[in-house]
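S.K.: Sharing a structure here in structure tokens format.
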Amino acid sequence: RSSKGLKFIEEHKATLQRAEKEYGVPVEIIAAIIGVETYYGKHTGKYTVFDSLTTLGFDYPPRSKFFKSELKEFLLLSKEEDIDIETMTGSYAGAMGMPQFISSSYRNYAVDFDGDGKRDLWNSIDDVIGSVANYFHRHGWKAGESITHPVVVTDKRVVNKKNKLKPYASIEQLTKQGVKIDRALFDKELKDSQQASLLKFESKKGDEYWLGLKNFYVITRYNHSELYAMAVFQLSEKLKK
């Protein structure tokens, strides 16, 4: 995936750099999202989105309200962008195109980055790149700030049983509670006042502890999972040149 990501960046460098300049989101983060979501367009889903949303909206009671809302957004989207609903394919849950936007996200965050008058997340790489960058920008991405970093925890009592994704304590507070941070390893300046969350991950080598900063939280707005955000971050690190 990292090899394919490097090739993707090389092929679309100008557009990625334009998106970074306009929205403040690094080239490698934009590319990593597309890589994690659909393997750079290889797996975008073959379900007819209309069928997926009607089935889930009317025959899946636990999330009926959500999928009925998405069905409404989908129908409005098809009208606004003048797309035949029979041609709009995606995942079993209705996520569409290379960046796997659900209908509400498509309507709210997709942008016409190639200037052809429409927002096409299936066929326009420019629109895909610009839309991912805009999504992160609108969710509060902090340009030039760190994302996450491994730390050492000397007092396990400060670790939450379930990871809190949203930053809840300052760096100063976490340090006083026994979280050892090697500031020399951060590629960006880390301030005592910055908010962070202490995250625990289980690995084959044992437990790992990481500091989740604001930008890590922003990644989880794309998918509400710390494992997802870590996958995006680690892939992005491999895409840096």
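Every chain in the structure tokens takes a letter, A first, then B, and so on in the order presented; its residues are numbered from 1, and the ligands are numbered from 1 following the presented order.
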I'd like the neighbourhood of region 36-41 of chain A as number ranges by chain, where a residue qualifies if any of its atoms comes within 12 Å (using only C-alpha atoms), though same-chain residues fewer than 5 positions away should be ignored.

M.R.: A: 1-9, 11-12, 28-31, 90-91, 95-101, 121-125, 128-129, 132, 219, 222-223, 227-236

S.K.: Using the chain letters and numbers from this document, which residues of region 161-212 of chain A does DSSP assign to helix (DSSP H, G or I), as a VMD selection string?

M.R.: chain A and resid 171 to 176 183 to 185

S.K.: Give me the residues of region 131-175 of chain A that have any atom at most 10 Å from an atom of region 200-208 of chain A; for each, the nearest atom pair and the distance in Å, rounded to one decimal. Use only C-alpha atoms, sort by chain and number, and format it as a tab-separated table.

M.R.:
```
residue	atom	partner	partner_atom	distance
A:Pro150	CA	A:Glu208	CA	7.4
A:Val151	CA	A:Glu208	CA	8.1
A:Val152	CA	A:Glu208	CA	8.3
A:Val153	CA	A:Glu208	CA	9.2
A:Val159	CA	A:Lys200	CA	7.4
A:Asn160	CA	A:Lys200	CA	8.1
A:Lys161	CA	A:Lys200	CA	8.7
A:Lys162	CA	A:Lys200	CA	8.3
A:Asn163	CA	A:Lys200	CA	6.7
A:Lys164	CA	A:Lys200	CA	9.8
```

S.K.: Between A:Gly144, A:Gly94, A:Gly24, A:Gly117, which is the closest to Gly45 (chain A) once you count only C-alpha atoms?

M.R.: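 Comparing A:Gly144, A:Gly94, A:Gly24, A:Gly117 against Gly45 (chain A), the winner is A:Gly94.
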
S.K.: Counting only C-alpha atoms, figure out which residue out of A:Glu226, A:Glu70, A:Asp112, A:Asp120 gets nearest to Gly212 (chain A).

M.R.: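 The closest residue to Gly212 (chain A) is A:Glu226.
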
S.K.: Quote the spacing between CA of Ser104 (chain A) and CA of Glu73 (chain A) in Å to one decimal place.

M.R.: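 Separating CA of Ser104 (chain A) from CA of Glu73 (chain A) is a distance of 5.6 Å.
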
S.K.: Would you mind telling me which residue in A:Tyr209, A:Tyr47, A:Tyr135, A:Tyr23 lies nearest to Arg221 (chain A) when using only C-alpha atoms?

M.R.: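 Smallest separation from Arg221 (chain A) among the options: A:Tyr135.
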
S.K.: Output as a PyMOL selection string all residues of region 6-238 of chain A that backbone DSSP marks as strand (DSSP E or B).

M.R.: chain A and resi 47-48+89-90+96+101+148-153+169-170+179-180+195-203+206-212

S.K.: Restricting the calculation to only C-alpha atoms: of A:Val218, A:Ala32, A:Ile171, A:Leu211, which residue gets closest to Lys142 (chain A)?

M.R.: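 For Lys142 (chain A), the nearest of the given residues is A:Val218.
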
S.K.: Smallest atom-to-atom distance to Glu10 (chain A): which of A:Glu189, A:His149, A:Val27, A:Thr220, using only C-alpha atoms?

M.R.: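 Among the listed residues, A:Val27 lies closest to Glu10 (chain A).
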
S.K.: State, in Å with one decimal place, the distance from CA of Tyr168 (chain A) to CA of Gln195 (chain A).

M.R.: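 So the answer is 6.2 Å.
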
S.K.: Quick one: residues within 9 Å of Ala169 (chain A), only C-alpha atoms, excluding same-chain residues fewer than 4 positions away - as a list in words?

M.R.: Gln173, Leu174, Ser193, Gln194, Gln195, Ala196, Ser197 and Leu198 of chain A

S.K.: Can you tell me how far CA of Gly57 (chain A) sits from CA of Lys42 (chain A), in Å to one decimal?

M.R.: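 Spanning CA of Gly57 (chain A) to CA of Lys42 (chain A) is a straight-line distance of 27.3 Å.
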
S.K.: Measuring atom to atom with only C-alpha atoms, identify which of A:Glu81, A:Leu185, A:Ala19, A:Ala14 is nearest to Asp116 (chain A).

M.R.: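 Answer, going by the shortest atom-to-atom distance: A:Glu81.
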